[in-house]
Structure formats: C-alpha cells, structure tokens
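Accompanying notes for the structure given below.
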Amino acid sequence: MTTDRQVNQLSARDAVFLAMDTEASWGHVGGLCLIDPAEAEGFSYEHLVDRIAERVAMVPRFSWKLREVGLGLDEPYWVEDRDFDVRRHIHPVTLPPPGGMHELGEVVGELYAETLDRDRPLWQVWLIDGLADGRYAMFLKTHHCLMDGEGGANLAEVLSDLSPDAEGPGNLPSGLSEARPMPPSEARVLRNLWLHGFTRSRNILHHVREAATGVIEELIEGHHRDDPPASAEVPRVSFNGPVGPRRVLAFSGVSLSRIKAIRKRLDVAVIDVVLELVGAALRGYLRDRDELPELALAALVPVSLRKGGDARLGNQVTNMVVSLETDLLSPVDRLLRIHAGVRRAREKVEHGQLDLFNAMGDSLAPFAAHAVIELSSTEAAFENLPMMGNLVVSNVRSAPVPLYTAGARVDAMIPISMVQAGQGLNVTVISYIDRMDFGFTVDPDLVPDPWDMADRIPSALDELERDVERFAGPPD
C-alpha cells in the first residue's frame with residue numbers, strides 16, 4: 001500500500017452514481033457469496049471480521065469517505081475517515097426459517113434497500129447464517145461511485161484466498177494500491193468549482209454537437225438491420241414503471257462450459273449467449289402472463305472501457321443498447337441476431353456514440369444531475385419520456401479457480417445491482433469457476449415473482465442447446 005498523499009476528487013462519471021441516490025433507487029451494488037465452512041476450522045463471525053479487517057488495511061479505498069461540496073455545486077472529494085472502525089461495517093444476520101434460497105433473496109433484498117451512510121466509507125458486509133443446508137452467505141454492498149463491476153470483482157478476490165490456509169492474498173493488482181487522499185484546501189475547492197463550471201459549459205456544447213453529428217450520420221447511412229433499437233421501438237411491459245423502494249433478489253446458475261460450447265459452435269461471444277438466455281427467460285415469463293409484446297425487448301448493456309491489465313477501482317464503463325430479439329421464435333435465430341446487434345452496438349461505442357448517462361455527468365453539476373434523475377423517476381416522466389431499454393443486463397467475470405473466505409470455500413457468487421427509473425428489473429451475471437450465476441434484482445411491486453424469471457434460465461439453456469443441434473448438427 002502506498003503512503004503517498006494527493007487530493008482525490010471524484011470523476012464526473014463516478015459522481016453521477018451518487019446523483020442516482022433517490023428515495024426509491026440508489027447507486028450502490030452488491031455481491032452475495034454462498035460459502036461452505038465444512039472444512040474451515042473455527043469459522044465464525046469474529047474470525048471473518050478479523051480476516052476482513054486484515055484485508056481492508058491493504059486497500060486504502062475501504063477507509064475513505066466523502067467530503068461534499070456545498071449545495072452540490074461540484075464533485076465531492078475523497079478524504080480519510082479518521083474514525084474508521086471496520087466493525088461498524090460488518091454485521092451478523094440470521095435467516096428466518098426454513099432458511100431456503102427464497103428467504104435468502106428476501107433478506108438480501110431488504111439489506112440492499114438500506115441506504116449507505118455518506119458520513120462513513122460507502123460499504124457494508126453482512127454474514128448471514130441460518131441457511132438450511134448449513135452454509136453461510138456473505139453479502140457485500142458498495143456504492144457504485146467507489147468502483148464498477150470489474151473493479152468490484154478485483155476487490156472481492158482481494159478479500160478472498162486461493163487456498164483455505166492462505167496467509168494473504170498475494171500480489172495486489174496495481175490499481176488497488178492508491179495514494180491516500182489529502183483534504184483539499186478551500187482555495188483548491190473554489191478553483192476546481194470555477195474550472196469545472198467552465199468545463200461543463202464547454203462539454204454541453206460538445207455533446208450537443210456530438211448528438212447532432214450522430215443524427216446526421218444516421219440520416220446519411222440510413223437504418224441498418226443490426227442498429228440498436230431506437231427508443232420509439234422499445235415496448236413497455238409490466239416490469240417497466242415508476243420504481244418503489246423495495247427490493248428482492250432471485251437467482252439461478254448454469255454451467256459456464258455449456259455456454260462456452262455454444263459460443264464456440266456458433267462463433268458468437270459469451271455475452272451474446274447470456275443475452276439470449278435472459279431474453280428467453282423474459283419471453284417465457286411475459287408469454288405466460290399474456291403480455292409478450294410484438295416489438296422485441298431491449299437491454300442496456302454496460303461496456304467496460306478498461307484496457308488490458310487495468311485494475312483501477314473507479315468507473316470505466318459506458319452503455320450500449322441491444323435488442324433481445326424476443327419477437328423471434330427460434331433460440332438460435334435470436335442468438336445470431338443478438339450477436340449481430342452486439343457487434344453493431346460495439347462499433348457505435350468505439351466510434352464515440354453519445355452516452356446520455358456519461359454526458360449528463362460531464363455537463364451537469366451534481367445537484368443538477370440529481371434533480372434530473374429525480375425528475376425522470378416520477379410517474380409523469382415515465383409516461384411522457386422515451387425509454388432507452390426495458391432493463392439492464394451486465395456480465396462480470398470473476399476467478400476461474402476456487403476462492404476461500406476466512407478458510408471457508410466460496411461455492412457461488414451472485415450479483416445484485418441497481419434498479420433504475422422505469423426499470424423494475426436488473427439482471428447481472430457473474431462467472432466463477434465453471435458456473436455462471438444470474439442475479440435478478442427487482443422491485444417486487446413490478447415483479448411479484450422474480451423466481452419465475454430466474455428459474456427459467458436453466459430450461460432456456462436446455463432449449464438453446466437443442467436448437468443448436470438442429471441448426472448445426474450434433475457436436476464433433
């Protein structure tokens with residue numbers, strides 16, 4: 001860990017996640033680990049607290065808190081929490097009987113729905129016991145302004161070990177060794193406030209020109225079959241509506257090897273297969289409720305802007321819009337069309353496609369960005385503003401080998417993420433060893449039975465495999 005000190009102000013991209021904190025939605029994300037203590041001698045809450053305290057000391061960001069600028073006129077700064085106590089951030093919880101996965105999803109949803117205290121470092125951990133199968137669950141919640149999904153996966157690995165008796169995490173990724181934040185002087189705060197105000201004015205003009213250029217290019221090029229769907233082409237379904245403050249988590253997992261086999265046979269990408277499985281699950285869910293729209297559902301898909309080997313924790317992500325092709329009957333047809341759509345969407349991102357989310361962070365002071373997000377969360381806004389997508393679908397990679405926490409083996413990692421305005425459903429997927437887990441985070445007032453969605457993922461994979469054999473013949 002470096003001992004250097006420097007003033008550390010949040011980037012506009014990080015700060016916009018803070019602006020997302022409203023009464024009904026928030027900018028934090030989480031990860032749920034199912035851990036088996038069977039071979040971990042002396043595993044306990046106290047043991048876990050000691051191990052996390054040891055690792056937190058290696059990652060400076062865990063002991064940082066926000067120093068906000070008055071009236072939200074500029075991005076906040078990171079400062080050290082001089083009263084930092086790791087025990088304020090780690091809590092024991094017991095599941096109600098019978099201690100099954102549904103009860104776990106309810107409790108984690110309730111914990112997720114609690115806001116993080118901005119007077120302290122923006123993370124919490126809960127060790128959950130009472131599972132019927134004798135395992136524990138560990139739920140880690142962090143604010144998205146601290147890190148994006150890939151940075152969070154790096155951080156989770158630091159909190160874990162490669163063997164049950166490991167003494168430490170080994171070499172830390174370089175991005176985790178950050179300079180300690182130094183409180184800014186009042187002169188520095190005023191200078192940055194003036195400078196950023198000027199920069200935002202310039203950025204507004206830049207993004208207006210960027211949007212106009214994009215429109216002109218679209219008119220010149222004409223509509224391409226693989227272009228991302230326009231907002232007018234995104235249908236509204238039952239999980240699209242004004243979002244309330246409650247959350248529930250549902251989840252299911254499938255073999256990563258099976259997904260990779262499909263990827264190889266059809267020459268597509270893992271994210272393409274993930275999107276097809278999610279689309280198939282939602283298609284079946286809506287069809288059985290007699291709600292399947294004629295227009296295809298669309299997903300907002302985060303895209304990492306990281307270059308190879310970049311392990312920094314800050315947000316380096318943008319979004320692309322991809323059709324889930326739910327108007328097509330054949331799983332293979334849907335997958336191949338999704339593959340073409342993802343490729344086209346990536347091309348647009350690489351060519352500098354306007355990203356409204358990041359443009360808002362670049363162009364608006366935090367108070368203004370928050371006001372826009374609050375306004376977009378109202379029922380009137382939902383009824384009158386266009387939708388970019390029906391839900392967010394994210395894919396995050398984790399370790400390809402078993403991990404251990406305080407000596408206990410991590411059996412599964414299940415992500416839980418942000419439900420945004422107008423979207424009562426988020427699906428985030430994480431791969432770990434040979435398992436891919438799908439986490440369905442929902443507003444239960446819009447999705448009363450999320451397990452009906454999650455439980456469709458394994459059968460969607462079965463159906464896709466059968467259709468692949470029909471399309472490409474049996475595997476060699």
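A note on labels: chains of the structure tokens are A, B, ... as shown, every chain counts residues from 1, and ligands are counted from 1 in their shown order.
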Step one, run DSSP on the backbone; step two, keep only residues of stretch 73-133 of chain A assigned to helix (DSSP H, G or I); then write them as a list of chain:residue names.
->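 Put together, the selection reads A:Val86, A:Arg87, A:Arg88, A:Met101, A:His102, A:Glu103, A:Leu104, A:Gly105, A:Glu106, A:Val107, A:Val108, A:Gly109, A:Glu110, A:Leu111, A:Tyr112.
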Just write the chosen residues, all heavy atoms, as a short mmCIF file (atom, residue, chain, number, x, y, z; two decimals), in the first residue's frame.
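File part.cif, as written:
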data_model
loop_
_atom_site.label_atom_id
_atom_site.label_comp_id
_atom_site.auth_asym_id
_atom_site.auth_seq_id
_atom_site.Cartn_x
_atom_site.Cartn_y
_atom_site.Cartn_z
N VAL A 86 -13.67 -0.91 11.38
CA VAL A 86 -14.18 -1.93 10.48
C VAL A 86 -15.43 -2.60 11.04
O VAL A 86 -16.30 -3.06 10.28
CB VAL A 86 -13.07 -2.97 10.17
CG1 VAL A 86 -12.79 -3.84 11.39
CG2 VAL A 86 -13.43 -3.81 8.97
N ARG A 87 -15.58 -2.66 12.35
CA ARG A 87 -16.74 -3.33 12.95
C ARG A 87 -18.05 -2.58 12.70
O ARG A 87 -19.12 -3.16 12.84
CB ARG A 87 -16.52 -3.54 14.45
CG ARG A 87 -15.48 -4.62 14.74
CD ARG A 87 -15.31 -4.87 16.22
NE ARG A 87 -14.40 -5.98 16.44
CZ ARG A 87 -14.78 -7.25 16.50
NH1 ARG A 87 -16.06 -7.55 16.36
NH2 ARG A 87 -13.90 -8.20 16.69
N ARG A 88 -17.97 -1.32 12.36
CA ARG A 88 -19.19 -0.59 12.00
C ARG A 88 -19.72 -1.02 10.65
O ARG A 88 -20.84 -0.68 10.28
CB ARG A 88 -18.91 0.92 11.96
CG ARG A 88 -18.62 1.55 13.30
CD ARG A 88 -18.31 3.02 13.11
NE ARG A 88 -18.08 3.71 14.37
CZ ARG A 88 -17.66 4.97 14.47
NH1 ARG A 88 -17.43 5.66 13.35
NH2 ARG A 88 -17.47 5.52 15.65
N MET A 101 -33.40 -20.63 -0.23
CA MET A 101 -32.91 -19.59 -1.12
C MET A 101 -33.92 -18.44 -1.28
O MET A 101 -33.52 -17.28 -1.45
CB MET A 101 -32.57 -20.18 -2.49
CG MET A 101 -31.40 -21.16 -2.47
SD MET A 101 -29.82 -20.42 -1.92
CE MET A 101 -29.71 -21.03 -0.22
N HIS A 102 -35.21 -18.75 -1.20
CA HIS A 102 -36.21 -17.68 -1.31
C HIS A 102 -36.11 -16.74 -0.12
O HIS A 102 -36.21 -15.51 -0.27
CB HIS A 102 -37.61 -18.27 -1.42
CG HIS A 102 -37.89 -18.88 -2.76
ND1 HIS A 102 -39.09 -18.71 -3.42
CD2 HIS A 102 -37.15 -19.66 -3.58
CE1 HIS A 102 -39.07 -19.35 -4.57
NE2 HIS A 102 -37.89 -19.93 -4.68
N GLU A 103 -35.95 -17.30 1.08
CA GLU A 103 -35.78 -16.46 2.27
C GLU A 103 -34.50 -15.63 2.16
O GLU A 103 -34.47 -14.45 2.55
CB GLU A 103 -35.74 -17.32 3.53
CG GLU A 103 -37.08 -17.91 3.95
CD GLU A 103 -37.48 -19.10 3.07
OE1 GLU A 103 -36.58 -19.80 2.54
OE2 GLU A 103 -38.70 -19.33 2.92
N LEU A 104 -33.44 -16.24 1.62
CA LEU A 104 -32.19 -15.51 1.44
C LEU A 104 -32.39 -14.34 0.48
O LEU A 104 -31.91 -13.23 0.73
CB LEU A 104 -31.11 -16.46 0.91
CG LEU A 104 -29.73 -15.84 0.68
CD1 LEU A 104 -29.16 -15.29 1.98
CD2 LEU A 104 -28.77 -16.88 0.08
N GLY A 105 -33.12 -14.56 -0.62
CA GLY A 105 -33.37 -13.48 -1.57
C GLY A 105 -34.16 -12.34 -0.96
O GLY A 105 -33.92 -11.17 -1.27
N GLU A 106 -35.11 -12.67 -0.08
CA GLU A 106 -35.89 -11.63 0.60
C GLU A 106 -35.01 -10.80 1.53
O GLU A 106 -35.06 -9.56 1.52
CB GLU A 106 -37.03 -12.28 1.40
CG GLU A 106 -38.12 -12.92 0.56
CD GLU A 106 -39.17 -11.92 0.14
OE1 GLU A 106 -39.12 -10.77 0.60
OE2 GLU A 106 -40.05 -12.30 -0.67
N VAL A 107 -34.20 -11.48 2.34
CA VAL A 107 -33.37 -10.77 3.32
C VAL A 107 -32.31 -9.92 2.62
O VAL A 107 -32.09 -8.75 2.99
CB VAL A 107 -32.72 -11.78 4.29
CG1 VAL A 107 -31.61 -11.10 5.11
CG2 VAL A 107 -33.77 -12.37 5.23
N VAL A 108 -31.66 -10.47 1.61
CA VAL A 108 -30.64 -9.70 0.89
C VAL A 108 -31.29 -8.49 0.21
O VAL A 108 -30.71 -7.40 0.19
CB VAL A 108 -29.91 -10.59 -0.13
CG1 VAL A 108 -29.03 -9.75 -1.06
CG2 VAL A 108 -29.06 -11.62 0.60
N GLY A 109 -32.49 -8.65 -0.33
CA GLY A 109 -33.20 -7.52 -0.92
C GLY A 109 -33.46 -6.42 0.10
O GLY A 109 -33.31 -5.23 -0.20
N GLU A 110 -33.83 -6.81 1.31
CA GLU A 110 -34.06 -5.82 2.37
C GLU A 110 -32.76 -5.11 2.76
O GLU A 110 -32.75 -3.89 2.97
CB GLU A 110 -34.67 -6.50 3.59
CG GLU A 110 -36.09 -7.00 3.37
CD GLU A 110 -36.61 -7.81 4.55
OE1 GLU A 110 -35.87 -7.92 5.56
OE2 GLU A 110 -37.74 -8.33 4.46
N LEU A 111 -31.67 -5.87 2.87
CA LEU A 111 -30.38 -5.27 3.21
C LEU A 111 -29.90 -4.34 2.10
O LEU A 111 -29.35 -3.27 2.35
CB LEU A 111 -29.34 -6.36 3.47
CG LEU A 111 -29.62 -7.29 4.65
CD1 LEU A 111 -28.58 -8.40 4.71
CD2 LEU A 111 -29.64 -6.51 5.96
N TYR A 112 -30.13 -4.77 0.88
CA TYR A 112 -29.72 -3.95 -0.26
C TYR A 112 -30.48 -2.62 -0.28
O TYR A 112 -29.93 -1.58 -0.66
CB TYR A 112 -29.96 -4.71 -1.56
CG TYR A 112 -29.64 -3.90 -2.80
CD1 TYR A 112 -28.33 -3.78 -3.25
CD2 TYR A 112 -30.64 -3.23 -3.50
CE1 TYR A 112 -28.03 -3.01 -4.37
CE2 TYR A 112 -30.35 -2.47 -4.63
CZ TYR A 112 -29.04 -2.36 -5.05
OH TYR A 112 -28.75 -1.59 -6.15
#
Excluding same-chain residues fewer than 4 positions from A:Gly100, what lies within 12 Å of it counting only C-alpha atoms, as a PyMOL selection string?
-> chain A and resi 94-96+104-107+129-137+250
Write to file, as a compact mmCIF listing (two decimals), in the first residue's frame, the residues of the selection just made, with C-alpha atoms.
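Contents of the output file again.txt:
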# COMPACT_ATOMS: atom_id res chain seq x y z
CA THR A 94 -29.87 -14.83 10.75
CA LEU A 95 -32.31 -16.04 8.11
CA PRO A 96 -35.89 -16.79 9.14
CA LEU A 104 -32.19 -15.51 1.44
CA GLY A 105 -33.37 -13.48 -1.57
CA GLU A 106 -35.89 -11.63 0.60
CA VAL A 107 -33.37 -10.77 3.32
CA ASP A 129 -26.41 -17.73 8.97
CA GLY A 130 -29.49 -19.91 9.36
CA LEU A 131 -29.35 -21.49 5.89
CA ALA A 132 -31.00 -24.90 5.90
CA ASP A 133 -28.06 -26.60 4.19
CA GLY A 134 -25.54 -25.47 6.82
CA ARG A 135 -23.74 -22.98 4.62
CA TYR A 136 -23.31 -19.26 5.25
CA ALA A 137 -23.95 -16.35 2.93
CA ALA A 250 -33.78 -14.12 -7.13
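Proximity of A:Asp443, A:Arg61, A:Glu325, A:Gly253 to A:Ile430, computed with only C-alpha atoms, is greatest for A:Gly253.
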Within 10 Å of stretch 407-414 of chain A, counting only C-alpha atoms, which residues qualify if same-chain residues fewer than 5 places away don't, as a VMD selection string?
-> chain A and resid 30 to 44 47 to 48 51 135 to 139 156 160 to 166 249 to 253 398 402 428 to 433 435 to 440
Keeping only C-alpha atoms, write those residues as a PDB file, in the first residue's frame.
ATOM      1  CA  GLY A  30     -23.688  -5.802  -4.189  1.00  0.00           C
ATOM      2  CA  GLY A  31     -22.381  -9.323  -4.309  1.00  0.00           C
ATOM      3  CA  LEU A  32     -23.694 -12.370  -2.468  1.00  0.00           C
ATOM      4  CA  CYS A  33     -21.347 -15.295  -1.795  1.00  0.00           C
ATOM      5  CA  LEU A  34     -22.516 -18.730  -0.683  1.00  0.00           C
ATOM      6  CA  ILE A  35     -19.733 -20.168   1.463  1.00  0.00           C
ATOM      7  CA  ASP A  36     -19.238 -23.670   2.855  1.00  0.00           C
ATOM      8  CA  PRO A  37     -17.491 -23.769   6.268  1.00  0.00           C
ATOM      9  CA  ALA A  38     -17.332 -27.592   6.383  1.00  0.00           C
ATOM     10  CA  GLU A  39     -13.548 -27.705   6.097  1.00  0.00           C
ATOM     11  CA  ALA A  40     -12.825 -24.333   7.712  1.00  0.00           C
ATOM     12  CA  GLU A  41     -11.634 -24.905  11.256  1.00  0.00           C
ATOM     13  CA  GLY A  42     -13.041 -22.342  13.662  1.00  0.00           C
ATOM     14  CA  PHE A  43     -15.065 -20.400  11.116  1.00  0.00           C
ATOM     15  CA  SER A  44     -17.171 -17.742  12.862  1.00  0.00           C
ATOM     16  CA  HIS A  47     -12.974 -14.902  12.503  1.00  0.00           C
ATOM     17  CA  LEU A  48     -14.478 -13.287   9.421  1.00  0.00           C
ATOM     18  CA  ARG A  51      -9.856 -11.517   8.188  1.00  0.00           C
ATOM     19  CA  ARG A 135     -23.738 -22.975   4.621  1.00  0.00           C
ATOM     20  CA  TYR A 136     -23.307 -19.256   5.250  1.00  0.00           C
ATOM     21  CA  ALA A 137     -23.949 -16.346   2.929  1.00  0.00           C
ATOM     22  CA  MET A 138     -21.846 -13.197   2.841  1.00  0.00           C
ATOM     23  CA  PHE A 139     -23.336 -10.061   1.304  1.00  0.00           C
ATOM     24  CA  ALA A 156     -13.728  -9.425  -3.993  1.00  0.00           C
ATOM     25  CA  SER A 160     -10.582 -13.956  -0.624  1.00  0.00           C
ATOM     26  CA  ASP A 161      -7.783 -16.509  -0.829  1.00  0.00           C
ATOM     27  CA  LEU A 162      -6.687 -19.193  -3.274  1.00  0.00           C
ATOM     28  CA  SER A 163      -6.441 -21.811  -0.526  1.00  0.00           C
ATOM     29  CA  PRO A 164      -8.188 -22.332   2.818  1.00  0.00           C
ATOM     30  CA  ASP A 165      -4.962 -21.816   4.805  1.00  0.00           C
ATOM     31  CA  ALA A 166      -3.537 -18.853   2.875  1.00  0.00           C
ATOM     32  CA  LEU A 249     -33.241 -10.871  -5.211  1.00  0.00           C
ATOM     33  CA  ALA A 250     -33.779 -14.122  -7.129  1.00  0.00           C
ATOM     34  CA  PHE A 251     -31.049 -16.153  -8.775  1.00  0.00           C
ATOM     35  CA  SER A 252     -30.105 -19.288 -10.667  1.00  0.00           C
ATOM     36  CA  GLY A 253     -26.931 -20.746 -12.130  1.00  0.00           C
ATOM     37  CA  SER A 398     -14.583 -13.426 -11.572  1.00  0.00           C
ATOM     38  CA  PRO A 402     -11.967 -21.756  -6.238  1.00  0.00           C
ATOM     39  CA  THR A 428     -26.447  -9.090 -13.585  1.00  0.00           C
ATOM     40  CA  VAL A 429     -24.424 -12.191 -14.375  1.00  0.00           C
ATOM     41  CA  ILE A 430     -21.097 -13.336 -12.940  1.00  0.00           C
ATOM     42  CA  SER A 431     -18.892 -16.258 -13.949  1.00  0.00           C
ATOM     43  CA  TYR A 432     -16.955 -18.116 -11.257  1.00  0.00           C
ATOM     44  CA  ILE A 433     -15.003 -21.353 -11.845  1.00  0.00           C
ATOM     45  CA  ARG A 435     -20.517 -21.632 -13.014  1.00  0.00           C
ATOM     46  CA  MET A 436     -22.431 -18.654 -14.320  1.00  0.00           C
ATOM     47  CA  ASP A 437     -24.910 -17.163 -11.841  1.00  0.00           C
ATOM     48  CA  PHE A 438     -27.756 -14.866 -12.901  1.00  0.00           C
ATOM     49  CA  GLY A 439     -28.930 -12.360 -10.280  1.00  0.00           C
ATOM     50  CA  PHE A 440     -32.411 -10.877 -10.813  1.00  0.00           C
TER      51      PHE A 440
END
List every residue of stretch 22-146 of chain A that DSSP, applied to the backbone of this structure, assigns to strand (DSSP E), and report them as a PyMOL selection string.
-> chain A and resi 28-36+64-67+77-80+90-94+123-129+136-143
Figure out the distance between atom CA of A:Arg180 and atom CA of A:Gly70, please, to one decimal in Å.
-> 22.9 Å
Fewer than 3 positions away in the same chain doesn't count, so skip those; otherwise give me all residues within 8 Å of A:Val342, counting only C-alpha atoms, as a PyMOL selection string.
-> chain A and resi 272+322+338-339+345-346
In Å, how far is it from atom CA of A:Glu291 to atom CA of A:Val237?
-> 7.1 Å
Leaving out A:Arg470 and any residue of its chain fewer than 5 positions from it, which residues lie within 12 Å of it when counting only C-alpha atoms, given as a PyMOL selection string?
-> chain A and resi 330-333+463-465+475
